[in-house]
file my_file_6.tsv (TSV, C-alpha atoms)
chain	number	residue	atom	x	y	z
A	1	MET	CA	62.99	74.20	74.38
A	2	ALA	CA	66.50	75.49	74.93
A	3	SER	CA	69.18	72.85	75.06
A	4	LEU	CA	70.59	71.57	78.32
A	5	ARG	CA	73.86	73.38	77.80
A	6	ASP	CA	72.13	76.71	77.04
A	7	ILE	CA	70.22	76.53	80.29
A	8	LYS	CA	73.35	75.54	82.21
A	9	ASN	CA	75.16	78.58	80.78
A	10	ARG	CA	72.36	80.85	81.74
A	11	ILE	CA	72.30	79.53	85.29
A	12	ASN	CA	76.03	80.08	85.58
A	13	SER	CA	75.96	83.63	84.29
A	14	THR	CA	73.03	84.54	86.52
A	15	LYS	CA	74.92	83.11	89.48
A	16	LYS	CA	77.94	85.25	88.65
A	17	THR	CA	75.76	88.34	88.38
A	18	SER	CA	74.13	87.63	91.69
A	19	GLN	CA	77.54	87.30	93.32
A	20	ILE	CA	78.43	90.76	92.03
A	21	THR	CA	75.17	92.33	93.12
A	22	LYS	CA	75.52	90.67	96.51
A	23	ALA	CA	79.01	92.09	96.94
A	24	MET	CA	77.80	95.53	95.87
A	25	GLU	CA	75.00	95.32	98.37
A	26	MET	CA	77.48	94.56	101.15
A	27	THR	CA	79.84	97.42	100.27
A	28	SER	CA	76.92	99.81	99.95
A	29	ALA	CA	75.64	98.69	103.34
A	30	ALA	CA	79.01	99.55	104.90
A	31	LYS	CA	79.18	102.90	103.13
A	32	TRP	CA	75.59	103.61	104.04
A	33	ASN	CA	76.37	103.07	107.72
A	34	ARG	CA	79.29	105.45	107.54
A	35	GLY	CA	77.25	107.95	105.54
A	36	VAL	CA	74.49	108.05	108.10
A	37	LEU	CA	77.07	108.47	110.88
A	38	ASN	CA	78.71	111.34	109.01
A	39	ALA	CA	75.39	113.05	108.49
A	40	LYS	CA	74.69	112.64	112.21
A	41	SER	CA	78.02	114.04	113.35
A	42	PHE	CA	77.39	117.12	111.23
A	43	VAL	CA	74.12	117.87	113.02
A	44	PRO	CA	75.62	119.62	116.10
A	45	TYR	CA	77.59	122.03	113.90
A	46	MET	CA	74.57	122.75	111.72
A	47	GLU	CA	72.25	123.34	114.66
A	48	LYS	CA	74.71	125.62	116.35
A	49	ILE	CA	75.53	127.71	113.31
A	50	GLN	CA	71.84	127.98	112.47
A	51	GLU	CA	71.05	129.15	115.97
A	52	VAL	CA	73.80	131.75	115.98
A	53	THR	CA	73.01	132.97	112.47
A	54	ALA	CA	69.32	133.25	113.21
A	55	SER	CA	69.80	135.10	116.45
A	56	ILE	CA	72.21	137.54	114.86
A	57	ALA	CA	70.20	138.08	111.68
A	58	ILE	CA	66.92	138.48	113.54
A	59	GLY	CA	68.27	139.95	116.76
A	60	ALA	CA	70.41	142.65	115.23
A	61	GLY	CA	67.55	144.39	113.48
A	62	GLY	CA	68.36	146.96	110.84
A	63	VAL	CA	71.44	145.10	109.69
A	64	VAL	CA	71.47	144.68	105.95
A	65	HIS	CA	73.47	142.13	104.10
A	66	PRO	CA	73.12	141.19	100.42
A	67	MET	CA	72.61	137.55	101.31
A	68	LEU	CA	69.51	138.35	103.32
A	69	GLN	CA	67.82	140.44	100.68
A	70	HIS	CA	65.58	139.60	97.78
A	71	ARG	CA	66.51	141.17	94.52
A	72	PRO	CA	64.90	141.04	91.09
A	73	VAL	CA	65.65	137.63	89.68
A	74	LYS	CA	67.50	137.71	86.40
A	75	LYS	CA	69.35	134.46	86.72
A	76	THR	CA	68.74	131.43	88.88
A	77	GLY	CA	71.29	128.90	90.01
A	78	TYR	CA	70.40	125.26	90.56
A	79	ILE	CA	72.69	123.03	92.55
A	80	VAL	CA	71.99	119.43	91.61
A	81	MET	CA	73.40	116.57	93.63
A	82	THR	CA	73.63	113.10	92.18
A	83	SER	CA	76.09	110.24	92.41
A	84	ASP	CA	79.04	109.56	90.14
A	85	ARG	CA	77.95	106.06	89.33
A	86	GLY	CA	74.70	104.40	88.48
A	87	LEU	CA	73.19	101.14	89.70
A	88	ALA	CA	71.44	102.97	92.50
A	89	GLY	CA	67.88	102.36	91.40
A	90	ALA	CA	65.89	105.51	90.76
A	91	PHE	CA	68.17	107.65	92.94
A	92	ASN	CA	69.70	109.77	90.17
A	93	SER	CA	66.76	109.84	87.80
A	94	ASN	CA	64.41	111.07	90.52
A	95	VAL	CA	66.58	114.08	91.29
A	96	ILE	CA	67.25	114.88	87.65
A	97	ARG	CA	63.61	114.51	86.64
A	98	LYS	CA	62.52	116.91	89.34
A	99	VAL	CA	65.11	119.52	88.34
A	100	HIS	CA	64.33	119.11	84.67
A	101	GLN	CA	60.60	119.55	85.21
A	102	THR	CA	61.12	122.59	87.41
A	103	ILE	CA	63.38	124.22	84.84
A	104	GLN	CA	60.96	123.48	82.02
A	105	SER	CA	58.09	125.07	83.89
A	106	ARG	CA	59.97	128.08	85.23
A	107	HIS	CA	62.21	129.18	82.41
A	108	LYS	CA	61.73	129.92	78.78
A	109	SER	CA	65.30	130.43	77.73
A	110	ASN	CA	68.58	128.77	78.65
A	111	ASP	CA	70.05	132.13	79.65
A	112	GLU	CA	67.81	132.44	82.68
A	113	PHE	CA	69.54	129.80	84.71
A	114	ALA	CA	72.73	127.86	85.26
A	115	ILE	CA	73.41	124.48	86.75
A	116	ILE	CA	75.95	123.63	89.39
A	117	ALA	CA	76.43	119.91	89.07
A	118	ILE	CA	77.74	117.67	91.81
A	119	GLY	CA	78.23	114.12	90.57
A	120	ARG	CA	78.99	112.74	87.15
A	121	VAL	CA	75.42	111.72	86.34
A	122	ALA	CA	74.03	115.24	86.73
A	123	ARG	CA	76.98	116.77	84.86
A	124	ASP	CA	76.61	114.43	81.88
A	125	PHE	CA	72.86	114.88	81.72
A	126	PHE	CA	72.89	118.67	81.66
A	127	VAL	CA	75.94	119.05	79.45
A	128	LYS	CA	74.40	116.68	76.91
A	129	ARG	CA	71.24	118.75	76.79
A	130	GLY	CA	73.22	121.91	76.19
A	131	TYR	CA	72.33	123.56	79.49
A	132	ASN	CA	74.66	126.06	81.00
A	133	VAL	CA	76.71	124.18	83.60
A	134	ALA	CA	78.50	126.86	85.58
A	135	LEU	CA	80.41	124.66	87.98
A	136	GLU	CA	80.86	120.98	88.36
A	137	ILE	CA	82.51	118.61	90.74
A	138	VAL	CA	82.88	114.91	90.10
A	139	GLY	CA	84.59	112.18	92.05
A	140	VAL	CA	83.48	113.36	95.48
A	141	SER	CA	84.58	110.73	97.96
A	142	ASP	CA	82.02	108.59	99.72
A	143	GLN	CA	82.87	110.20	103.02
A	144	PRO	CA	83.34	113.77	101.87
A	145	SER	CA	85.11	116.08	104.27
A	146	PHE	CA	84.25	119.73	104.41
A	147	GLN	CA	87.55	120.63	102.79
A	148	ASP	CA	86.79	118.39	99.76
A	149	ILE	CA	83.96	120.60	98.60
A	150	LYS	CA	85.13	123.88	100.07
A	151	ASP	CA	86.20	125.14	96.63
A	152	LEU	CA	82.81	124.45	95.15
A	153	THR	CA	80.81	125.89	98.04
A	154	SER	CA	82.81	129.09	98.29
A	155	ALA	CA	82.71	129.56	94.51
A	156	THR	CA	78.94	129.04	94.53
A	157	VAL	CA	78.33	131.44	97.37
A	158	GLY	CA	80.71	133.86	95.67
A	159	MET	CA	78.64	133.72	92.50
A	160	PHE	CA	75.62	134.82	94.47
A	161	GLU	CA	77.54	137.63	96.09
A	162	ASP	CA	78.84	139.01	92.80
A	163	SER	CA	75.31	138.85	91.34
A	164	THR	CA	75.96	136.07	88.84
A	165	PHE	CA	72.90	134.51	90.41
A	166	ASP	CA	70.04	136.29	92.08
A	167	GLU	CA	68.70	133.19	93.73
A	168	LEU	CA	70.04	129.76	94.40
A	169	TYR	CA	68.17	126.48	94.77
A	170	ILE	CA	69.52	123.16	95.82
A	171	TYR	CA	68.17	119.77	94.78
A	172	TYR	CA	69.16	116.59	96.51
A	173	SER	CA	67.81	113.36	97.76
A	174	HIS	CA	66.88	113.62	101.42
A	175	TYR	CA	67.56	110.51	103.44
A	176	ILE	CA	64.53	109.31	105.39
A	177	SER	CA	65.28	105.63	105.91
A	178	ALA	CA	67.10	102.77	104.21
A	179	ILE	CA	64.19	102.19	101.87
A	180	SER	CA	62.86	105.69	101.50
A	181	GLN	CA	64.50	108.82	100.15
A	182	GLU	CA	62.78	111.95	99.01
A	183	VAL	CA	63.87	114.48	96.43
A	184	THR	CA	64.03	117.81	98.18
A	185	GLU	CA	64.09	121.32	96.84
A	186	LYS	CA	65.55	123.93	99.11
A	187	LYS	CA	65.98	127.61	98.56
A	188	LEU	CA	69.51	128.31	99.62
A	189	LEU	CA	69.96	132.00	98.91
A	190	PRO	CA	68.84	134.60	99.69
A	191	LEU	CA	68.40	133.40	103.25
A	192	THR	CA	64.85	134.31	104.04
A	193	ASP	CA	63.44	131.68	106.35
A	194	LEU	CA	65.84	131.98	109.22
A	195	THR	CA	64.09	130.93	112.37
A	196	THR	CA	65.23	129.63	115.70
A	197	SER	CA	63.43	127.60	118.28
A	198	HIS	CA	65.76	128.80	121.01
A	199	LYS	CA	65.30	131.93	122.96
A	200	LEU	CA	67.00	134.80	121.19
A	201	THR	CA	70.19	135.87	122.88
A	202	SER	CA	71.25	139.45	122.52
A	203	TYR	CA	74.94	139.28	121.77
A	204	GLU	CA	77.66	141.78	121.91
A	205	PHE	CA	79.44	141.88	118.61
A	206	GLU	CA	83.16	142.05	118.21
A	207	PRO	CA	83.74	144.26	116.18
A	208	ASN	CA	80.13	144.75	114.94
A	209	ALA	CA	77.14	142.90	113.54
A	210	GLU	CA	77.84	143.76	109.89
A	211	GLU	CA	81.39	142.43	110.06
A	212	ILE	CA	80.22	139.25	111.67
A	213	LEU	CA	77.43	138.65	109.19
A	214	LYS	CA	79.96	139.15	106.42
A	215	VAL	CA	81.90	136.14	107.67
A	216	LEU	CA	79.06	134.15	109.16
A	217	LEU	CA	76.51	134.13	106.34
A	218	PRO	CA	78.78	132.67	103.64
A	219	GLN	CA	79.93	130.09	106.13
A	220	TYR	CA	76.32	129.26	106.95
A	221	ALA	CA	75.37	128.92	103.29
A	222	GLU	CA	78.39	126.69	102.69
A	223	SER	CA	77.38	124.51	105.61
A	224	LEU	CA	73.92	124.13	104.13
A	225	ILE	CA	75.44	122.82	100.91
A	226	TYR	CA	77.74	120.47	102.78
A	227	GLY	CA	74.84	119.22	104.90
A	228	ALA	CA	72.82	118.50	101.78
A	229	LEU	CA	75.78	116.63	100.31
A	230	LEU	CA	76.08	114.39	103.37
A	231	ASP	CA	72.34	113.78	103.22
A	232	SER	CA	72.57	112.95	99.55
A	233	LYS	CA	75.48	110.53	100.13
A	234	ALA	CA	73.55	108.66	102.79
A	235	SER	CA	70.59	108.43	100.39
A	236	GLU	CA	72.78	107.27	97.55
A	237	HIS	CA	74.20	104.35	99.46
A	238	ALA	CA	70.81	103.43	100.90
A	239	ALA	CA	69.30	103.52	97.40
A	240	ARG	CA	72.14	101.45	95.97
A	241	MET	CA	71.88	98.95	98.77
A	242	THR	CA	68.15	98.48	98.20
A	243	ALA	CA	68.57	98.29	94.44
A	244	MET	CA	71.29	95.68	94.78
A	245	ARG	CA	69.29	93.66	97.26
A	246	ASN	CA	66.39	93.58	94.79
A	247	ALA	CA	68.76	92.54	92.03
A	248	THR	CA	70.13	89.71	94.16
A	249	ASP	CA	66.62	88.57	95.02
A	250	ASN	CA	65.60	88.63	91.38
A	251	ALA	CA	68.70	86.68	90.43
A	252	SER	CA	67.94	83.91	92.93
A	253	GLU	CA	64.38	83.79	91.62
A	254	LEU	CA	65.73	83.43	88.07
A	255	ILE	CA	68.19	80.75	89.09
A	256	ARG	CA	65.36	78.82	90.73
A	257	SER	CA	63.22	78.86	87.63
A	258	TYR	CA	66.18	78.04	85.35
A	259	THR	CA	67.13	75.10	87.55
A	260	LEU	CA	63.57	73.87	87.29
A	261	SER	CA	63.58	73.97	83.50
A	262	TYR	CA	67.08	72.46	83.47
A	263	ASN	CA	65.86	69.49	85.50
A	264	ARG	CA	62.77	69.15	83.30
A	265	ALA	CA	64.88	69.22	80.15
A	266	ARG	CA	67.26	66.63	81.60
A	267	GLN	CA	64.36	64.38	82.58
A	268	ALA	CA	62.84	64.80	79.13
A	269	ALA	CA	66.14	63.81	77.55
A	270	ILE	CA	66.42	60.68	79.73
A	271	THR	CA	62.83	59.72	79.01
A	272	GLN	CA	63.44	60.16	75.33
A	273	GLU	CA	66.56	58.02	75.46
A	274	ILE	CA	64.70	55.22	77.25
A	275	THR	CA	61.87	55.40	74.74
A	276	GLU	CA	64.40	55.14	71.95
A	277	ILE	CA	66.15	52.15	73.53
A	278	VAL	CA	62.85	50.42	74.24
A	279	GLY	CA	61.68	51.24	70.71
A	280	GLY	CA	64.93	49.87	69.28
A	281	ALA	CA	64.69	46.68	71.32
A	282	ALA	CA	61.07	46.16	70.27
A	283	ALA	CA	62.01	46.54	66.62
A	284	LEU	CA	64.63	43.78	66.95
A	285	GLU	CA	62.19	41.20	68.38
B	1	MET	CA	87.50	127.43	140.52
B	2	LYS	CA	84.51	128.30	138.44
B	3	THR	CA	84.31	126.56	135.11
B	4	MET	CA	82.27	126.85	131.93
B	5	LYS	CA	81.35	124.36	129.27
B	6	VAL	CA	83.36	124.59	126.09
B	7	SER	CA	82.55	122.81	122.87
B	8	VAL	CA	84.51	123.01	119.66
B	9	VAL	CA	82.55	121.78	116.66
B	10	SER	CA	83.58	121.46	113.04
B	11	PRO	CA	81.54	120.22	110.06
B	12	ASP	CA	83.26	116.85	110.43
B	13	GLY	CA	81.93	116.41	113.95
B	14	PRO	CA	82.51	117.58	117.51
B	15	VAL	CA	86.22	118.04	118.27
B	16	TYR	CA	86.30	118.90	121.94
B	17	GLU	CA	83.86	119.06	124.77
B	18	SER	CA	84.69	119.74	128.39
B	19	ASP	CA	84.50	122.14	131.33
B	20	VAL	CA	87.39	124.59	131.45
B	21	GLU	CA	88.46	127.57	133.54
B	22	MET	CA	89.51	129.93	130.80
B	23	VAL	CA	89.46	130.20	127.04
B	24	SER	CA	91.88	132.41	125.20
B	25	THR	CA	92.17	132.90	121.49
B	26	LYS	CA	92.84	135.40	118.78
B	27	ALA	CA	89.87	137.10	117.17
B	28	LEU	CA	90.03	139.31	114.08
B	29	THR	CA	90.11	142.32	116.36
B	30	GLY	CA	92.78	141.00	118.71
B	31	GLU	CA	93.48	138.63	121.56
B	32	LEU	CA	90.50	137.54	123.63
B	33	GLY	CA	90.40	135.91	127.01
B	34	ILE	CA	87.12	134.55	128.30
B	35	LEU	CA	86.28	133.59	131.85
B	36	PRO	CA	83.04	132.10	133.15
B	37	GLY	CA	80.20	134.63	133.33
B	38	HIS	CA	81.23	136.60	130.27
B	39	VAL	CA	78.46	138.59	128.57
B	40	PRO	CA	77.00	136.96	125.44
B	41	MET	CA	79.27	137.73	122.52
B	42	VAL	CA	80.07	136.64	119.00
B	43	ALA	CA	83.42	137.16	117.32
B	44	PRO	CA	85.05	135.78	114.19
B	45	LEU	CA	88.39	134.06	114.78
B	46	GLU	CA	91.75	134.30	113.06
B	47	ILE	CA	93.56	131.25	111.80
B	48	GLY	CA	95.21	130.37	115.06
B	49	SER	CA	94.91	128.47	118.26
B	50	VAL	CA	92.25	128.18	120.92
B	51	ARG	CA	93.85	127.70	124.31
B	52	LEU	CA	91.86	126.02	127.02
B	53	LYS	CA	93.02	126.22	130.62
B	54	LYS	CA	91.96	123.39	132.82
B	55	ASP	CA	93.38	122.15	136.15
B	56	GLY	CA	96.57	124.15	135.65
B	57	LYS	CA	97.18	122.61	132.24
B	58	THR	CA	96.64	124.23	128.88
B	59	GLU	CA	95.27	122.45	125.86
B	60	PHE	CA	95.74	123.72	122.33
B	61	ILE	CA	93.32	123.39	119.45
B	62	ALA	CA	94.16	124.55	115.94
B	63	VAL	CA	91.27	126.33	114.22
B	64	SER	CA	90.89	127.87	110.82
B	65	GLY	CA	87.98	129.94	109.69
B	66	GLY	CA	85.76	130.03	112.69
B	67	PHE	CA	83.59	131.80	115.19
B	68	LEU	CA	83.40	132.12	118.87
B	69	GLU	CA	80.03	132.24	120.53
B	70	VAL	CA	80.07	133.13	124.19
B	71	ARG	CA	77.27	132.73	126.69
B	72	PRO	CA	77.63	133.15	130.43
B	73	GLU	CA	77.86	129.41	131.09
B	74	GLN	CA	78.93	128.12	127.72
B	75	VAL	CA	81.45	128.85	125.00
B	76	THR	CA	81.11	127.38	121.52
B	77	VAL	CA	83.73	127.50	118.80
B	78	LEU	CA	82.37	126.90	115.30
B	79	ALA	CA	85.24	126.27	112.95
B	80	GLN	CA	85.50	125.08	109.38
B	81	ALA	CA	88.44	123.00	110.49
B	82	ALA	CA	89.56	122.25	114.03
B	83	GLU	CA	92.08	119.78	115.45
B	84	MET	CA	93.40	118.98	118.88
B	85	ALA	CA	97.16	119.51	119.12
B	86	SER	CA	97.64	115.77	119.57
B	87	ALA	CA	95.57	114.97	116.48
B	88	ILE	CA	97.52	117.15	114.07
B	89	ASP	CA	99.16	115.26	111.25
B	90	VAL	CA	102.56	116.97	111.30
B	91	GLU	CA	103.78	115.32	108.13
B	92	ARG	CA	100.70	116.39	106.21
B	93	ALA	CA	100.96	119.93	107.54
B	94	SER	CA	104.62	120.25	106.50
B	95	ARG	CA	103.79	118.91	103.05
B	96	ALA	CA	100.99	121.48	102.80
B	97	LYS	CA	103.45	124.16	103.88
B	98	GLU	CA	105.95	123.26	101.17
B	99	ARG	CA	103.22	123.08	98.57
B	100	ALA	CA	101.87	126.48	99.53
B	101	GLU	CA	105.32	128.03	99.49
B	102	GLN	CA	105.99	126.61	96.07
B	103	ARG	CA	102.70	127.94	94.80
B	104	MET	CA	103.38	131.38	96.21
B	105	LYS	CA	106.67	131.46	94.32
B	106	ASP	CA	104.93	130.52	91.09
B	107	ALA	CA	101.83	132.66	91.35
B	108	LYS	CA	101.82	136.35	90.66
B	109	LEU	CA	101.41	138.73	93.53
B	110	GLU	CA	97.84	139.93	94.17
B	111	HIS	CA	96.53	137.10	92.04
B	112	ILE	CA	93.70	135.07	93.53
B	113	ASP	CA	95.88	131.93	93.61
B	114	PHE	CA	98.48	133.80	95.58
B	115	LYS	CA	95.97	134.72	98.24
B	116	ARG	CA	94.70	131.19	98.46
B	117	ALA	CA	98.22	129.86	98.75
B	118	GLU	CA	98.94	132.41	101.42
B	119	LEU	CA	95.93	131.29	103.44
B	120	ALA	CA	96.95	127.66	102.99
B	121	LEU	CA	100.44	128.52	104.19
B	122	ARG	CA	99.08	130.25	107.26
B	123	ARG	CA	96.92	127.26	108.09
B	124	ALA	CA	99.86	124.91	107.69
B	125	ILE	CA	102.19	127.04	109.81
B	126	ASN	CA	99.47	127.36	112.44
B	127	ARG	CA	99.09	123.58	112.65
B	128	LEU	CA	102.83	123.06	112.89
B	129	THR	CA	103.28	125.66	115.64
B	130	ILE	CA	100.48	124.17	117.68
B	131	ALA	CA	101.70	120.64	117.19
B	132	GLU	CA	105.11	121.70	118.51
B	133	SER	CA	103.79	123.61	121.49
B	134	LYS	CA	101.84	120.77	123.05
call {"tool": "encode", "arguments": {"input": "my_file_6.tsv", "output": "structure tokens"}}
result
Amino acid sequence: MASLRDIKNRINSTKKTSQITKAMEMTSAAKWNRGVLNAKSFVPYMEKIQEVTASIAIGAGGVVHPMLQHRPVKKTGYIVMTSDRGLAGAFNSNVIRKVHQTIQSRHKSNDEFAIIAIGRVARDFFVKRGYNVALEIVGVSDQPSFQDIKDLTSATVGMFEDSTFDELYIYYSHYISAISQEVTEKKLLPLTDLTTSHKLTSYEFEPNAEEILKVLLPQYAESLIYGALLDSKASEHAARMTAMRNATDNASELIRSYTLSYNRARQAAITQEITEIVGGAAALE
Amino acid sequence: MKTMKVSVVSPDGPVYESDVEMVSTKALTGELGILPGHVPMVAPLEIGSVRLKKDGKTEFIAVSGGFLEVRPEQVTVLAQAAEMASAIDVERASRAKERAEQRMKDAKLEHIDFKRAELALRRAINRLTIAESK
């Protein structure tokens, strides 16, 4: 059996760890709250822009725009959203596994696709495996503003427009609830599944539908990326919070069992001492 | 006087929501004034201000990169960035202005950086003008 001091050390270090995990759980909880709020405040913008885009794209029939059209796929772009840091349970590995499997099954050569990595974990993973990482952004704040990722979104959409990519997928962790997130694959471009639940309004266009689509569609695609990022941030903090709560629970469980063996060992030591004293006294008689 | 509902939304959340008498702004094709009962219309906006007339007072909102969607009883402005005149951070805007000017001096004409700096400068100047005019 381990010595008394060994067990004492282990209890202490486990306690320290549990303090850290507890603190991380608290900070994640706060960030999670904010993240969910941010995702919610983005909803009105998203709904509105979706509605307008759909009614223009569907309503103004006969309008062609490269972003609405399928073309032969020579190169595919994958936007992968992960966090910068670990300790978030299976959050990052779930996303990366899904992307990795998809790529393995769809492509034979590394030239057929490129990765756009958001978050250090995704960047490191794909760079290490020698995949083509076209764009990357690390150190996105926990409450990203639209301006923070504007450079990335416009560059990405630009790469579709100049035919670097012929289609664009986005992978992120969709936030369902504090304990459940789901890896989601979304086809970002070309925009094919534009639908609207609202009644179609027939607009007048100033100056004309083509000009408006030229401005509106990139903006819409950028908003989709930003929306996914907010979703992913909310998931990240929820995942980290749950992971840290589990860690804290496990630590208290460990401390309990260590304390038990510590007490047993102490009792054993006392008993042994008494036996020795009694034995010694008996030998003297 | 007849009013219409106006909402200004940006990706960072709703910025303004109220009933106003008239909306005027600058679209890519020129100045636009919208009164209640306007035909449905969509127009992209310049970097500039949206002016909202309400009870004899005018409120200013700085917008950059946006759209105007008009329906007979409602006007929606979708902007990539939008701020009420009172919410503009003047210090930040003047810093952005200086930065953009510096960059324009450094960058070569017609270079992509030059264009970006120019846009940044226009946004900064727009914010400053609107912050002053309130």
call {"tool": "closest_residue", "arguments": {"input": "my_file_6.tsv", "among": "B:Asp55, B:Asp12, B:Glu101, B:Glu46", "to": "chain A", "atoms": "all atoms listed in the file"}}
result
B:Asp12
call {"tool": "closest_atom_pairs", "arguments": {"input": "my_file_6.tsv", "of": "chain B", "to": "chain A", "cutoff": "8 Å", "atoms": "all atoms listed in the file", "output": "tab-separated table"}}
result
residue	atom	partner	partner_atom	distance
B:Val9	CA	A:Tyr45	CA	5.7
B:Ser10	CA	A:Tyr45	CA	6.1
B:Pro11	CA	A:Phe42	CA	5.3
B:Asp12	CA	A:Phe42	CA	5.9
B:Gly13	CA	A:Ser41	CA	4.6
B:Pro14	CA	A:Ser41	CA	7.1
B:Thr29	CA	A:Pro207	CA	6.7
B:Val39	CA	A:Glu204	CA	7.4
B:Pro40	CA	A:Tyr203	CA	4.8
B:Met41	CA	A:Glu204	CA	4.4
B:Val42	CA	A:Phe205	CA	5.3
B:Ala43	CA	A:Glu206	CA	5.0
B:Pro44	CA	A:Ile212	CA	6.5
B:Phe67	CA	A:Leu216	CA	7.9
B:Glu69	CA	A:Val52	CA	7.7
B:Leu78	CA	A:Tyr45	CA	7.0
B:Gln80	CA	A:Phe146	CA	7.4
call {"tool": "residues_around", "arguments": {"input": "my_file_6.tsv", "residues": "Thr76 (chain B)", "least_positions_apart": "4", "cutoff": "6 Å", "atoms": "only C-alpha atoms", "output": "list of chain:residue names"}}
result
B:Val6, B:Ser7, B:Val8, B:Leu68, B:Glu69
call {"tool": "atom_distance", "arguments": {"input": "my_file_6.tsv", "atom1": "CA of Asp142 (chain A)", "atom2": "CA of Lys31 (chain A)"}}
result
7.2 Å
call {"tool": "atom_distance", "arguments": {"input": "my_file_6.tsv", "atom1": "CA of Arg99 (chain B)", "atom2": "CA of Ile116 (chain A)"}}
result
28.8 Å
call {"tool": "residues_near_point", "arguments": {"input": "my_file_6.tsv", "point": "(74.6, 125.7, 78.7)", "cutoff": "9 Å", "atoms": "all atoms listed in the file", "output": "JSON, numbers by chain"}}
result
{"A": [110, 111, 113, 114, 115, 126, 127, 129, 130, 131, 132, 133, 134]}
